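Q: I'd like to ask you about the structure that follows.
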Amino acid sequence: MTDPRYVYAVCRPWDTPLQAELGGVAGAPPKRLRHGPLVAVVSVVPARDFAPGPLRDRLADPAWRDALTRAHETVVAALNTVTTPLPLRPATVFPDDSAVRVMLEDGGERLQEALTALDGHVEWGVTVTGGPPPGGAGESAEGLGRRLHTDLSAMAARSRSLAPGDSEVPRAAPATRGGEPYGTGLLSGGGEPLGGGEPSRRGEPVLLNAAYLVHRSLSEEFVEHVERFRERCPGALVSLSGPWAPYSFTPAPYGSG
């Protein structure tokens, strides 16, 4: 039996080498599989764990699943330092190189459109929880959270204006002719929609929980804006994560977008 191919992401060709010591899923080093203008970043993984039946069983083990997700995200993070990857869901597995090439061929136009729209962008996640500001004076925490979301969304819109052409992230359709993965069981990365006041684990309202697609050139300004909000609203707990590869903006069926 041929060992399957685990696919981390799809990219355009790039020149910078990956870290020599970079390990991937199952300890297998990632490699580039080029087909036309696209590159799939893959690892050859053992069939005893990644053939369809064993993979389903393995994914039922939380510890094994978490280790797989961490290895997947490590490779995607390394790619994010040298190019703009289109990250696939963890546990995306194809039977062989030919099946990966079919996926790139059949989805080529949509994948290239998505890469054009995402080029030069990273994902930032922002979560805000908390009650009213100390002393109860001034604008409410909820109002500040809504205003922060409006400001960050406007910044993300400015980022899109920096992308080449007028491409938008497409809603991709499944590949055909046998180029479909048999393992796509996990979602990864990304934020949730704007919070609606639901309680957090600490019992405080979730004021904001969202992911934003921001051009790298605007990332410093984005972070500074979040930091200013933290200073203006000391009663809120503000969590900023990133910069990530654009997990939340990878179109279906390839990612969680």
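For the structure tokens, the naming scheme is as follows: chains receive sequential letters (A, B, ...) according to their order of presentation, residues are indexed from 1 within each chain, and ligands are indexed from 1 in presentation order.
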Among segment 28-124 of chain A, which ones does DSSP place in helix (DSSP H, G or I), written as a VMD selection string?

A: chain A and resid 47 to 50 52 to 59 62 to 80 97 to 106 108 to 118

Q: Go ahead and compute the interatomic distance for atom CA of Thr16 of chain A and atom CA of Val82 of chain A, in Å to one decimal.

A: 6.4 Å

Q: For Val44 of chain A, which residue among A:Thr2, A:Thr250, A:Ser217, A:Thr81 is the nearest when counting only C-alpha atoms?

A: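 Closest to Val44 of chain A, using only C-alpha atoms: A:Thr2.
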